[in-house]
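S.K.: Next comes input.txt, compact mmCIF, N, CA and C atoms:
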```txt
# COMPACT_ATOMS: atom_id res chain seq x y z
N MET A 1 90.37 124.35 74.25
CA MET A 1 90.35 122.97 73.78
C MET A 1 89.36 122.89 72.63
N ASP A 2 89.80 122.35 71.51
CA ASP A 2 88.86 122.30 70.38
C ASP A 2 87.93 121.09 70.50
N GLU A 3 86.83 121.17 69.76
CA GLU A 3 85.80 120.15 69.84
C GLU A 3 86.28 118.79 69.34
N THR A 4 87.16 118.78 68.34
CA THR A 4 87.70 117.52 67.81
C THR A 4 88.48 116.77 68.88
N ALA A 5 89.30 117.49 69.63
CA ALA A 5 90.09 116.87 70.69
C ALA A 5 89.19 116.34 71.79
N THR A 6 88.19 117.11 72.17
CA THR A 6 87.26 116.67 73.21
C THR A 6 86.49 115.42 72.76
N GLN A 7 86.06 115.40 71.50
CA GLN A 7 85.36 114.24 70.96
C GLN A 7 86.28 113.02 70.92
N SER A 8 87.55 113.24 70.57
CA SER A 8 88.53 112.15 70.54
C SER A 8 88.72 111.56 71.94
N LEU A 9 88.75 112.41 72.95
CA LEU A 9 88.87 111.94 74.33
C LEU A 9 87.64 111.13 74.73
N ASP A 10 86.46 111.63 74.41
CA ASP A 10 85.23 110.89 74.72
C ASP A 10 85.20 109.54 74.01
N ASP A 11 85.60 109.52 72.74
CA ASP A 11 85.64 108.27 71.98
C ASP A 11 86.59 107.27 72.63
N PHE A 12 87.77 107.76 73.04
CA PHE A 12 88.75 106.89 73.70
C PHE A 12 88.14 106.28 74.96
N LEU A 13 87.54 107.10 75.80
CA LEU A 13 86.99 106.62 77.07
C LEU A 13 85.88 105.60 76.85
N GLN A 14 85.09 105.76 75.79
CA GLN A 14 84.00 104.82 75.52
C GLN A 14 84.48 103.51 74.92
N ARG A 15 85.64 103.52 74.25
CA ARG A 15 86.15 102.31 73.57
C ARG A 15 86.87 101.36 74.50
N VAL A 16 87.28 101.81 75.67
CA VAL A 16 88.10 100.97 76.55
C VAL A 16 87.24 100.39 77.67
N PRO A 17 86.93 99.09 77.63
CA PRO A 17 86.06 98.49 78.64
C PRO A 17 86.58 98.66 80.07
N TYR A 18 87.90 98.64 80.25
CA TYR A 18 88.45 98.76 81.60
C TYR A 18 88.19 100.15 82.18
N VAL A 19 88.08 101.16 81.34
CA VAL A 19 87.73 102.51 81.80
C VAL A 19 86.36 102.45 82.47
N ARG A 20 85.42 101.74 81.85
CA ARG A 20 84.08 101.61 82.42
C ARG A 20 84.11 100.80 83.72
N PHE A 21 84.91 99.72 83.76
CA PHE A 21 85.03 98.90 84.97
C PHE A 21 85.55 99.75 86.14
N LEU A 22 86.55 100.59 85.86
CA LEU A 22 87.11 101.44 86.91
C LEU A 22 86.16 102.57 87.30
N GLY A 23 85.31 102.98 86.37
CA GLY A 23 84.45 104.13 86.61
C GLY A 23 85.18 105.44 86.36
N MET A 24 86.32 105.35 85.68
CA MET A 24 87.16 106.51 85.41
C MET A 24 86.44 107.54 84.54
N ARG A 25 86.69 108.80 84.84
CA ARG A 25 86.19 109.89 84.01
C ARG A 25 87.25 110.98 83.96
N THR A 26 87.04 111.95 83.10
CA THR A 26 87.98 113.06 82.99
C THR A 26 87.25 114.38 83.17
N GLU A 27 88.01 115.35 83.65
CA GLU A 27 87.50 116.71 83.79
C GLU A 27 88.44 117.62 83.03
N LEU A 28 87.89 118.49 82.20
CA LEU A 28 88.69 119.42 81.42
C LEU A 28 88.49 120.83 81.96
N ALA A 29 89.62 121.52 82.16
CA ALA A 29 89.60 122.93 82.56
C ALA A 29 90.64 123.63 81.70
N GLY A 30 90.16 124.36 80.70
CA GLY A 30 91.09 124.99 79.76
C GLY A 30 91.81 123.90 79.00
N ASP A 31 93.15 123.92 79.03
CA ASP A 31 93.92 122.90 78.33
C ASP A 31 94.43 121.82 79.28
N GLU A 32 93.92 121.78 80.51
CA GLU A 32 94.35 120.75 81.47
C GLU A 32 93.27 119.69 81.64
N MET A 33 93.73 118.44 81.60
CA MET A 33 92.84 117.31 81.84
C MET A 33 93.22 116.67 83.17
N THR A 34 92.24 116.45 84.01
CA THR A 34 92.44 115.70 85.25
C THR A 34 91.60 114.44 85.14
N ALA A 35 92.23 113.30 85.36
CA ALA A 35 91.51 112.03 85.38
C ALA A 35 91.03 111.79 86.81
N VAL A 36 89.84 111.24 86.92
CA VAL A 36 89.23 110.99 88.23
C VAL A 36 88.88 109.51 88.33
N LEU A 37 89.32 108.88 89.42
CA LEU A 37 88.97 107.50 89.72
C LEU A 37 88.09 107.52 90.97
N PRO A 38 86.76 107.53 90.79
CA PRO A 38 85.88 107.54 91.96
C PRO A 38 86.04 106.25 92.76
N PHE A 39 86.07 106.38 94.07
CA PHE A 39 86.23 105.18 94.90
C PHE A 39 85.04 104.25 94.73
N SER A 40 85.35 102.95 94.69
CA SER A 40 84.34 101.91 94.67
C SER A 40 84.92 100.70 95.39
N ARG A 41 84.10 99.97 96.11
CA ARG A 41 84.59 98.83 96.91
C ARG A 41 85.28 97.77 96.05
N HIS A 42 84.86 97.60 94.80
CA HIS A 42 85.46 96.55 93.97
C HIS A 42 86.90 96.89 93.55
N LEU A 43 87.39 98.09 93.87
CA LEU A 43 88.76 98.48 93.54
C LEU A 43 89.73 98.19 94.68
N ILE A 44 89.22 97.70 95.81
CA ILE A 44 90.05 97.42 96.98
C ILE A 44 90.89 96.17 96.74
N GLY A 45 92.18 96.27 97.04
CA GLY A 45 93.07 95.12 96.95
C GLY A 45 93.37 94.54 98.31
N ASN A 46 93.48 95.38 99.33
CA ASN A 46 93.75 94.94 100.68
C ASN A 46 92.60 95.40 101.58
N PRO A 47 91.66 94.50 101.88
CA PRO A 47 90.50 94.91 102.68
C PRO A 47 90.84 95.20 104.14
N MET A 48 92.00 94.78 104.61
CA MET A 48 92.38 95.03 106.01
C MET A 48 92.70 96.50 106.24
N LEU A 49 93.23 97.20 105.23
CA LEU A 49 93.62 98.60 105.44
C LEU A 49 92.44 99.57 105.38
N PRO A 50 91.55 99.62 104.52
CA PRO A 50 91.50 99.13 103.14
C PRO A 50 92.31 100.02 102.21
N ALA A 51 92.88 99.39 101.19
CA ALA A 51 93.72 100.12 100.23
C ALA A 51 93.35 99.70 98.81
N LEU A 52 93.47 100.66 97.88
CA LEU A 52 93.24 100.34 96.48
C LEU A 52 94.26 99.32 95.99
N HIS A 53 93.84 98.47 95.08
CA HIS A 53 94.73 97.48 94.48
C HIS A 53 95.80 98.20 93.67
N GLY A 54 97.05 97.78 93.78
CA GLY A 54 98.14 98.41 93.04
C GLY A 54 97.94 98.36 91.54
N GLY A 55 97.35 97.28 91.05
CA GLY A 55 97.08 97.17 89.62
C GLY A 55 96.05 98.18 89.15
N VAL A 56 95.09 98.49 90.02
CA VAL A 56 94.09 99.51 89.70
C VAL A 56 94.76 100.87 89.57
N ILE A 57 95.65 101.19 90.51
CA ILE A 57 96.35 102.48 90.47
C ILE A 57 97.22 102.57 89.23
N GLY A 58 97.97 101.50 88.93
CA GLY A 58 98.84 101.49 87.75
C GLY A 58 98.04 101.62 86.46
N ALA A 59 96.94 100.87 86.36
CA ALA A 59 96.11 100.93 85.16
C ALA A 59 95.47 102.31 85.01
N PHE A 60 95.02 102.89 86.12
CA PHE A 60 94.43 104.23 86.09
C PHE A 60 95.43 105.24 85.55
N MET A 61 96.68 105.15 85.98
CA MET A 61 97.69 106.10 85.49
C MET A 61 98.03 105.85 84.02
N GLU A 62 98.10 104.58 83.61
CA GLU A 62 98.36 104.27 82.20
C GLU A 62 97.22 104.80 81.32
N LEU A 63 95.99 104.62 81.75
CA LEU A 63 94.85 105.13 81.00
C LEU A 63 94.82 106.65 80.99
N THR A 64 95.30 107.27 82.05
CA THR A 64 95.41 108.74 82.08
C THR A 64 96.39 109.21 81.01
N ALA A 65 97.53 108.52 80.89
CA ALA A 65 98.52 108.86 79.86
C ALA A 65 97.92 108.71 78.47
N LEU A 66 97.22 107.61 78.24
CA LEU A 66 96.61 107.36 76.93
C LEU A 66 95.52 108.39 76.62
N ALA A 67 94.75 108.77 77.64
CA ALA A 67 93.71 109.77 77.44
C ALA A 67 94.33 111.13 77.09
N GLN A 68 95.43 111.47 77.75
CA GLN A 68 96.10 112.74 77.45
C GLN A 68 96.64 112.74 76.02
N LEU A 69 97.17 111.61 75.59
CA LEU A 69 97.65 111.50 74.21
C LEU A 69 96.50 111.61 73.22
N ALA A 70 95.35 111.00 73.54
CA ALA A 70 94.17 111.09 72.66
C ALA A 70 93.69 112.53 72.57
N LEU A 71 93.78 113.26 73.66
CA LEU A 71 93.35 114.65 73.69
C LEU A 71 94.31 115.54 72.91
N ALA A 72 95.60 115.24 73.00
CA ALA A 72 96.62 116.08 72.36
C ALA A 72 96.69 115.87 70.85
N ASP A 73 96.39 114.66 70.38
CA ASP A 73 96.51 114.36 68.95
C ASP A 73 95.31 113.54 68.49
N PRO A 74 94.17 114.22 68.27
CA PRO A 74 92.93 113.51 67.97
C PRO A 74 92.92 112.74 66.66
N GLY A 75 93.86 112.95 65.77
CA GLY A 75 93.85 112.27 64.48
C GLY A 75 94.47 110.88 64.50
N ARG A 76 94.96 110.46 65.62
CA ARG A 76 95.63 109.15 65.69
C ARG A 76 94.75 108.11 66.36
N ARG A 77 95.07 106.83 66.07
CA ARG A 77 94.46 105.72 66.80
C ARG A 77 95.05 105.71 68.21
N VAL A 78 94.44 104.94 69.09
CA VAL A 78 94.95 104.83 70.45
C VAL A 78 96.37 104.29 70.40
N PRO A 79 97.33 104.99 71.03
CA PRO A 79 98.71 104.51 71.03
C PRO A 79 98.84 103.16 71.74
N LYS A 80 99.88 102.42 71.41
CA LYS A 80 100.17 101.16 72.09
C LYS A 80 101.24 101.41 73.14
N THR A 81 101.07 100.79 74.29
CA THR A 81 102.05 100.92 75.36
C THR A 81 103.29 100.12 74.99
N ILE A 82 104.45 100.77 75.04
CA ILE A 82 105.73 100.08 74.85
C ILE A 82 106.21 99.58 76.20
N ASP A 83 106.31 100.49 77.17
CA ASP A 83 106.68 100.11 78.53
C ASP A 83 106.23 101.19 79.50
N ILE A 84 105.99 100.77 80.74
CA ILE A 84 105.69 101.72 81.81
C ILE A 84 106.46 101.31 83.05
N THR A 85 106.78 102.30 83.85
CA THR A 85 107.37 102.09 85.16
C THR A 85 106.49 102.81 86.16
N VAL A 86 106.07 102.08 87.19
CA VAL A 86 105.20 102.66 88.21
C VAL A 86 105.97 102.73 89.51
N GLU A 87 105.90 103.89 90.16
CA GLU A 87 106.48 104.07 91.49
C GLU A 87 105.32 104.21 92.47
N TYR A 88 105.19 103.26 93.38
CA TYR A 88 104.16 103.34 94.41
C TYR A 88 104.77 104.05 95.60
N LEU A 89 104.22 105.20 95.95
CA LEU A 89 104.81 106.06 96.98
C LEU A 89 104.12 105.93 98.33
N ARG A 90 102.82 105.66 98.33
CA ARG A 90 102.07 105.44 99.57
C ARG A 90 100.78 104.70 99.22
N SER A 91 100.13 104.15 100.21
CA SER A 91 98.89 103.40 99.97
C SER A 91 97.81 104.31 99.42
N GLY A 92 97.08 103.79 98.46
CA GLY A 92 95.90 104.49 97.96
C GLY A 92 94.73 104.14 98.87
N ARG A 93 94.26 105.10 99.63
CA ARG A 93 93.18 104.85 100.57
C ARG A 93 91.84 104.71 99.86
N ALA A 94 90.84 104.32 100.61
CA ALA A 94 89.49 104.09 100.09
C ALA A 94 88.79 105.43 99.88
N GLN A 95 89.25 106.16 98.87
CA GLN A 95 88.65 107.45 98.52
C GLN A 95 88.97 107.76 97.06
N ASP A 96 88.40 108.84 96.54
CA ASP A 96 88.64 109.22 95.15
C ASP A 96 90.12 109.50 94.91
N THR A 97 90.56 109.19 93.70
CA THR A 97 91.96 109.38 93.30
C THR A 97 91.96 110.22 92.02
N TYR A 98 92.98 111.06 91.88
CA TYR A 98 93.10 111.97 90.74
C TYR A 98 94.46 111.78 90.08
N ALA A 99 94.55 112.11 88.81
CA ALA A 99 95.82 112.00 88.10
C ALA A 99 95.89 113.03 86.98
N ARG A 100 97.13 113.44 86.71
CA ARG A 100 97.41 114.32 85.57
C ARG A 100 98.63 113.77 84.85
N ALA A 101 98.60 113.93 83.53
CA ALA A 101 99.71 113.47 82.70
C ALA A 101 100.42 114.66 82.09
N ILE A 102 101.73 114.53 81.96
CA ILE A 102 102.56 115.53 81.29
C ILE A 102 103.20 114.83 80.09
N LEU A 103 102.98 115.40 78.91
CA LEU A 103 103.59 114.86 77.70
C LEU A 103 104.99 115.43 77.59
N ARG A 104 105.99 114.64 77.93
CA ARG A 104 107.38 115.10 77.91
C ARG A 104 107.90 115.25 76.49
N LYS A 105 107.54 114.29 75.63
CA LYS A 105 107.99 114.33 74.23
C LYS A 105 107.02 113.50 73.42
N VAL A 106 106.48 114.10 72.38
CA VAL A 106 105.61 113.36 71.46
C VAL A 106 106.22 113.48 70.08
N GLY A 107 106.80 112.38 69.63
CA GLY A 107 107.40 112.35 68.31
C GLY A 107 106.46 111.71 67.31
N ARG A 108 106.97 111.49 66.10
CA ARG A 108 106.15 110.84 65.07
C ARG A 108 105.82 109.40 65.43
N ARG A 109 106.76 108.73 66.10
CA ARG A 109 106.57 107.31 66.39
C ARG A 109 106.43 106.98 67.87
N VAL A 110 107.07 107.74 68.75
CA VAL A 110 107.08 107.40 70.18
C VAL A 110 106.77 108.64 71.02
N ALA A 111 106.01 108.41 72.09
CA ALA A 111 105.72 109.49 73.06
C ALA A 111 106.24 109.08 74.42
N ASN A 112 106.75 110.05 75.16
CA ASN A 112 107.21 109.85 76.53
C ASN A 112 106.27 110.65 77.43
N VAL A 113 105.65 109.95 78.39
CA VAL A 113 104.63 110.58 79.23
C VAL A 113 104.91 110.28 80.70
N GLN A 114 104.68 111.29 81.54
CA GLN A 114 104.77 111.11 82.99
C GLN A 114 103.41 111.40 83.60
N VAL A 115 103.03 110.60 84.59
CA VAL A 115 101.74 110.75 85.25
C VAL A 115 101.97 110.76 86.76
N GLU A 116 101.18 111.57 87.43
CA GLU A 116 101.22 111.63 88.89
C GLU A 116 99.79 111.44 89.40
N ALA A 117 99.63 110.58 90.41
CA ALA A 117 98.32 110.32 91.01
C ALA A 117 98.34 110.74 92.47
N TRP A 118 97.24 111.33 92.92
CA TRP A 118 97.14 111.78 94.31
C TRP A 118 95.72 111.62 94.81
N GLN A 119 95.54 111.82 96.12
CA GLN A 119 94.20 111.75 96.69
C GLN A 119 93.86 113.08 97.37
N ASP A 120 94.36 113.33 98.56
CA ASP A 120 94.01 114.56 99.27
C ASP A 120 94.73 115.78 98.74
N SER A 121 96.01 115.62 98.42
CA SER A 121 96.83 116.77 98.03
C SER A 121 97.74 116.39 96.88
N ARG A 122 97.74 117.20 95.86
CA ARG A 122 98.62 116.94 94.71
C ARG A 122 100.09 116.99 95.12
N ALA A 123 100.38 117.70 96.19
CA ALA A 123 101.76 117.79 96.69
C ALA A 123 102.21 116.49 97.36
N GLN A 124 101.28 115.57 97.63
CA GLN A 124 101.61 114.28 98.23
C GLN A 124 101.09 113.16 97.35
N PRO A 125 101.78 112.89 96.23
CA PRO A 125 101.30 111.85 95.31
C PRO A 125 101.35 110.46 95.94
N ILE A 126 100.41 109.60 95.51
CA ILE A 126 100.43 108.23 95.97
C ILE A 126 101.22 107.34 95.02
N ALA A 127 101.37 107.79 93.76
CA ALA A 127 102.10 106.99 92.77
C ALA A 127 102.48 107.87 91.58
N GLY A 128 103.49 107.40 90.86
CA GLY A 128 103.92 108.07 89.63
C GLY A 128 104.16 107.04 88.55
N LEU A 129 104.06 107.46 87.31
CA LEU A 129 104.27 106.56 86.18
C LEU A 129 105.09 107.29 85.12
N THR A 130 106.03 106.57 84.55
CA THR A 130 106.74 107.02 83.36
C THR A 130 106.48 105.97 82.29
N GLY A 131 106.05 106.42 81.12
CA GLY A 131 105.71 105.47 80.08
C GLY A 131 106.14 105.91 78.70
N HIS A 132 106.36 104.93 77.84
CA HIS A 132 106.67 105.15 76.43
C HIS A 132 105.56 104.48 75.62
N PHE A 133 105.06 105.22 74.63
CA PHE A 133 103.92 104.75 73.86
C PHE A 133 104.22 104.87 72.37
N LEU A 134 103.82 103.84 71.62
CA LEU A 134 103.99 103.83 70.17
C LEU A 134 102.83 104.57 69.54
N MET A 135 103.15 105.67 68.85
CA MET A 135 102.13 106.48 68.20
C MET A 135 101.77 105.82 66.86
N ARG A 136 100.47 105.70 66.59
CA ARG A 136 100.00 105.04 65.37
C ARG A 136 99.08 105.97 64.62
N ASN A 137 99.26 106.05 63.33
CA ASN A 137 98.39 106.87 62.49
C ASN A 137 97.06 106.19 62.24
N GLU A 138 96.06 106.97 61.95
CA GLU A 138 94.73 106.44 61.64
C GLU A 138 94.82 105.65 60.32
N GLY A 139 94.05 104.58 60.26
CA GLY A 139 93.98 103.87 59.00
C GLY A 139 94.58 102.55 58.96
```
As C-alpha cells - that is how I would like this structure written.

M.R.:
Amino acid sequence: MDETATQSLDDFLQRVPYVRFLGMRTELAGDEMTAVLPFSRHLIGNPMLPALHGGVIGAFMELTALAQLALADPGRRVPKTIDITVEYLRSGRAQDTYARAILRKVGRRVANVQVEAWQDSRAQPIAGLTGHFLMRNEG
C-alpha cells in the first residue's frame, strides 16, 4: 500500500463527522482494509436485546465502501452515494463489528461496491451492502 493511498484514507476518515461519532477506524494488512466499529452503548437501537441500531450498521457499511474507494483512488474527492441496498441478515449484538468492501467495478464515473459486515465469524455475516457511487475528480 503506498503512502498516498494511506494518507487519502486517513484524510477521508478525519473529514467525516459521522465516522468520529461511530468511533469507526480501519486496519490495513497488505492491500486489505478491514473497517472496525468498536461497540459503544450509544450505538444500541434496541436496548431489550441489546442490538445495534440498523442505521448504524448500514452507515458503517456505506462508510466502509467509501473508505475503500478513497484507498483505491487517492486522487479523487470523496465519491457521492447514488444508491445502496442493505440486507440485514441477523441482529448486530452488543460487541465489535467488522466489515470489508470489494470493489466490483470502478469506472470513470461510477463504482459498484459490495460490503459484508460480521462480528464473531466472517462466515456468518450480520449484514451486506451493495452500492453505486458517483466518482468525482479533484478540483

S.K.: Name the closest residue to Gly55 of chain A among the candidates A:Thr97, A:Tyr88, A:Phe39, A:Arg136; distances are taken between atoms, counting only C-alpha atoms.

M.R.: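 The shortest atom-to-atom distance to Gly55 of chain A comes from A:Tyr88.
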
S.K.: Provide the atom CA of Ser40 of chain A to atom CA of Gly54 of chain A distance in Å, to one decimal place.

M.R.: 14.3 Å

S.K.: Neighbours of segment 116-127 of chain A within 12 Å (only C-alpha atoms; same-chain residues fewer than 4 positions away dropped), as a PyMOL selection string?

M.R.: chain A and resi 34-39+51-52+54-65+85-103+131

S.K.: Write a file of the just-selected residues containing N, CA and C atoms, as a short mmCIF file (atom, residue, chain, number, x, y, z; two decimals), keeping the file's coordinate frame.

M.R.:
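To be explicit, this is the file written out as part10.cif:
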```cif
data_model
loop_
_atom_site.label_atom_id
_atom_site.label_comp_id
_atom_site.auth_asym_id
_atom_site.auth_seq_id
_atom_site.Cartn_x
_atom_site.Cartn_y
_atom_site.Cartn_z
N THR A 34 92.24 116.45 84.01
CA THR A 34 92.44 115.70 85.25
C THR A 34 91.60 114.44 85.14
N ALA A 35 92.23 113.30 85.36
CA ALA A 35 91.51 112.03 85.38
C ALA A 35 91.03 111.79 86.81
N VAL A 36 89.84 111.24 86.92
CA VAL A 36 89.23 110.99 88.23
C VAL A 36 88.88 109.51 88.33
N LEU A 37 89.32 108.88 89.42
CA LEU A 37 88.97 107.50 89.72
C LEU A 37 88.09 107.52 90.97
N PRO A 38 86.76 107.53 90.79
CA PRO A 38 85.88 107.54 91.96
C PRO A 38 86.04 106.25 92.76
N PHE A 39 86.07 106.38 94.07
CA PHE A 39 86.23 105.18 94.90
C PHE A 39 85.04 104.25 94.73
N ALA A 51 92.88 99.39 101.19
CA ALA A 51 93.72 100.12 100.23
C ALA A 51 93.35 99.70 98.81
N LEU A 52 93.47 100.66 97.88
CA LEU A 52 93.24 100.34 96.48
C LEU A 52 94.26 99.32 95.99
N GLY A 54 97.05 97.78 93.78
CA GLY A 54 98.14 98.41 93.04
C GLY A 54 97.94 98.36 91.54
N GLY A 55 97.35 97.28 91.05
CA GLY A 55 97.08 97.17 89.62
C GLY A 55 96.05 98.18 89.15
N VAL A 56 95.09 98.49 90.02
CA VAL A 56 94.09 99.51 89.70
C VAL A 56 94.76 100.87 89.57
N ILE A 57 95.65 101.19 90.51
CA ILE A 57 96.35 102.48 90.47
C ILE A 57 97.22 102.57 89.23
N GLY A 58 97.97 101.50 88.93
CA GLY A 58 98.84 101.49 87.75
C GLY A 58 98.04 101.62 86.46
N ALA A 59 96.94 100.87 86.36
CA ALA A 59 96.11 100.93 85.16
C ALA A 59 95.47 102.31 85.01
N PHE A 60 95.02 102.89 86.12
CA PHE A 60 94.43 104.23 86.09
C PHE A 60 95.43 105.24 85.55
N MET A 61 96.68 105.15 85.98
CA MET A 61 97.69 106.10 85.49
C MET A 61 98.03 105.85 84.02
N GLU A 62 98.10 104.58 83.61
CA GLU A 62 98.36 104.27 82.20
C GLU A 62 97.22 104.80 81.32
N LEU A 63 95.99 104.62 81.75
CA LEU A 63 94.85 105.13 81.00
C LEU A 63 94.82 106.65 80.99
N THR A 64 95.30 107.27 82.05
CA THR A 64 95.41 108.74 82.08
C THR A 64 96.39 109.21 81.01
N ALA A 65 97.53 108.52 80.89
CA ALA A 65 98.52 108.86 79.86
C ALA A 65 97.92 108.71 78.47
N THR A 85 106.78 102.30 83.85
CA THR A 85 107.37 102.09 85.16
C THR A 85 106.49 102.81 86.16
N VAL A 86 106.07 102.08 87.19
CA VAL A 86 105.20 102.66 88.21
C VAL A 86 105.97 102.73 89.51
N GLU A 87 105.90 103.89 90.16
CA GLU A 87 106.48 104.07 91.49
C GLU A 87 105.32 104.21 92.47
N TYR A 88 105.19 103.26 93.38
CA TYR A 88 104.16 103.34 94.41
C TYR A 88 104.77 104.05 95.60
N LEU A 89 104.22 105.20 95.95
CA LEU A 89 104.81 106.06 96.98
C LEU A 89 104.12 105.93 98.33
N ARG A 90 102.82 105.66 98.33
CA ARG A 90 102.07 105.44 99.57
C ARG A 90 100.78 104.70 99.22
N SER A 91 100.13 104.15 100.21
CA SER A 91 98.89 103.40 99.97
C SER A 91 97.81 104.31 99.42
N GLY A 92 97.08 103.79 98.46
CA GLY A 92 95.90 104.49 97.96
C GLY A 92 94.73 104.14 98.87
N ARG A 93 94.26 105.10 99.63
CA ARG A 93 93.18 104.85 100.57
C ARG A 93 91.84 104.71 99.86
N ALA A 94 90.84 104.32 100.61
CA ALA A 94 89.49 104.09 100.09
C ALA A 94 88.79 105.43 99.88
N GLN A 95 89.25 106.16 98.87
CA GLN A 95 88.65 107.45 98.52
C GLN A 95 88.97 107.76 97.06
N ASP A 96 88.40 108.84 96.54
CA ASP A 96 88.64 109.22 95.15
C ASP A 96 90.12 109.50 94.91
N THR A 97 90.56 109.19 93.70
CA THR A 97 91.96 109.38 93.30
C THR A 97 91.96 110.22 92.02
N TYR A 98 92.98 111.06 91.88
CA TYR A 98 93.10 111.97 90.74
C TYR A 98 94.46 111.78 90.08
N ALA A 99 94.55 112.11 88.81
CA ALA A 99 95.82 112.00 88.10
C ALA A 99 95.89 113.03 86.98
N ARG A 100 97.13 113.44 86.71
CA ARG A 100 97.41 114.32 85.57
C ARG A 100 98.63 113.77 84.85
N ALA A 101 98.60 113.93 83.53
CA ALA A 101 99.71 113.47 82.70
C ALA A 101 100.42 114.66 82.09
N ILE A 102 101.73 114.53 81.96
CA ILE A 102 102.56 115.53 81.29
C ILE A 102 103.20 114.83 80.09
N LEU A 103 102.98 115.40 78.91
CA LEU A 103 103.59 114.86 77.70
C LEU A 103 104.99 115.43 77.59
N GLY A 131 106.05 106.42 81.12
CA GLY A 131 105.71 105.47 80.08
C GLY A 131 106.14 105.91 78.70
#
```

S.K.: Have a look at atom CA of Asn112 of chain A and atom CA of His53 of chain A and let me know their distance in Å, one decimal.

M.R.: 25.1 Å

S.K.: Do you have the atom CA of Glu32 of chain A-atom C of Val78 of chain A distance handy?

M.R.: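 Separation between atom CA of Glu32 of chain A and atom C of Val78 of chain A: 19.9 Å.
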
S.K.: Could you write out, as a ChimeraX atom specification, all the residues of chain A that DSSP marks as strand (DSSP E or B)?

M.R.: /A:25-29,32-37,44-46,51-52,76,80-88,93,97-106,110-118,127-134,137

S.K.: Would you please work out which residue, of A:Arg104, A:Ala111, A:Ala29, A:Ala67, is nearest to Val16 of chain A when using only C-alpha atoms?

M.R.: A:Ala67

S.K.: Which residues, written as JSON, numbers by chain, have at least one atom at most 5 Å from Thr130 of chain A, with all atoms listed in the file counted and residues fewer than 4 positions away on the same chain left out?

M.R.: {"A": [84, 85, 113, 114]}

S.K.: Find, counting only N, CA and C atoms, the residue in A:Asn137, A:Asp83, A:Leu129, A:Asp73 that gets nearest to Arg108 of chain A.

M.R.: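 Of A:Asn137, A:Asp83, A:Leu129, A:Asp73, the one nearest Arg108 of chain A is A:Asn137, counting only N, CA and C atoms.
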
S.K.: From the list A:Asp10, A:Arg20, A:Leu134, A:Glu27, which residue is nearest Pro79 of chain A when using all atoms listed in the file?

M.R.: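 Checking each of A:Asp10, A:Arg20, A:Leu134, A:Glu27 against Pro79 of chain A, counting all atoms listed in the file, the winner is A:Leu134.
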
S.K.: Would you kindly return, as a PyMOL selection string, each protein, DNA or RNA residue with an atom no farther than 12 Å from any atom of Phe12 of chain A, considering only C-alpha atoms and excluding same-chain residues fewer than 3 positions away?

M.R.: chain A and resi 5-9+15-20+24-26+63-71+73-79

S.K.: Provide segment 65-75 of chain A rebuilt to N, CA, C and O atoms, formatted as a PDB file, keeping the file's coordinate frame.

M.R.:
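Below you can see rebuild_26.pdb, which holds the result:
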```pdb
ATOM      1  N   ALA A  65      97.530 108.520  80.890  1.00  0.00           N
ATOM      2  CA  ALA A  65      98.520 108.860  79.860  1.00  0.00           C
ATOM      3  C   ALA A  65      97.920 108.710  78.470  1.00  0.00           C
ATOM      4  O   ALA A  65      98.059 109.589  77.606  1.00  0.00           O
ATOM      5  N   LEU A  66      97.220 107.610  78.240  1.00  0.00           N
ATOM      6  CA  LEU A  66      96.610 107.360  76.930  1.00  0.00           C
ATOM      7  C   LEU A  66      95.520 108.390  76.620  1.00  0.00           C
ATOM      8  O   LEU A  66      95.392 108.853  75.486  1.00  0.00           O
ATOM      9  N   ALA A  67      94.750 108.770  77.640  1.00  0.00           N
ATOM     10  CA  ALA A  67      93.710 109.770  77.440  1.00  0.00           C
ATOM     11  C   ALA A  67      94.330 111.130  77.090  1.00  0.00           C
ATOM     12  O   ALA A  67      93.831 111.847  76.227  1.00  0.00           O
ATOM     13  N   GLN A  68      95.430 111.470  77.750  1.00  0.00           N
ATOM     14  CA  GLN A  68      96.100 112.740  77.450  1.00  0.00           C
ATOM     15  C   GLN A  68      96.640 112.740  76.020  1.00  0.00           C
ATOM     16  O   GLN A  68      96.560 113.744  75.322  1.00  0.00           O
ATOM     17  N   LEU A  69      97.170 111.610  75.590  1.00  0.00           N
ATOM     18  CA  LEU A  69      97.650 111.500  74.210  1.00  0.00           C
ATOM     19  C   LEU A  69      96.500 111.610  73.220  1.00  0.00           C
ATOM     20  O   LEU A  69      96.624 112.260  72.178  1.00  0.00           O
ATOM     21  N   ALA A  70      95.350 111.000  73.540  1.00  0.00           N
ATOM     22  CA  ALA A  70      94.170 111.090  72.660  1.00  0.00           C
ATOM     23  C   ALA A  70      93.690 112.530  72.570  1.00  0.00           C
ATOM     24  O   ALA A  70      93.259 112.990  71.513  1.00  0.00           O
ATOM     25  N   LEU A  71      93.780 113.260  73.660  1.00  0.00           N
ATOM     26  CA  LEU A  71      93.350 114.650  73.690  1.00  0.00           C
ATOM     27  C   LEU A  71      94.310 115.540  72.910  1.00  0.00           C
ATOM     28  O   LEU A  71      93.887 116.443  72.197  1.00  0.00           O
ATOM     29  N   ALA A  72      95.600 115.240  73.000  1.00  0.00           N
ATOM     30  CA  ALA A  72      96.620 116.080  72.360  1.00  0.00           C
ATOM     31  C   ALA A  72      96.690 115.870  70.850  1.00  0.00           C
ATOM     32  O   ALA A  72      97.027 116.793  70.112  1.00  0.00           O
ATOM     33  N   ASP A  73      96.390 114.660  70.380  1.00  0.00           N
ATOM     34  CA  ASP A  73      96.510 114.360  68.950  1.00  0.00           C
ATOM     35  C   ASP A  73      95.310 113.540  68.490  1.00  0.00           C
ATOM     36  O   ASP A  73      95.382 112.326  68.359  1.00  0.00           O
ATOM     37  N   PRO A  74      94.170 114.220  68.270  1.00  0.00           N
ATOM     38  CA  PRO A  74      92.930 113.510  67.970  1.00  0.00           C
ATOM     39  C   PRO A  74      92.920 112.740  66.660  1.00  0.00           C
ATOM     40  O   PRO A  74      92.060 111.900  66.454  1.00  0.00           O
ATOM     41  N   GLY A  75      93.860 112.950  65.770  1.00  0.00           N
ATOM     42  CA  GLY A  75      93.850 112.270  64.480  1.00  0.00           C
ATOM     43  C   GLY A  75      94.470 110.880  64.500  1.00  0.00           C
ATOM     44  O   GLY A  75      94.470 110.196  63.487  1.00  0.00           O
TER      45      GLY A  75
END
```
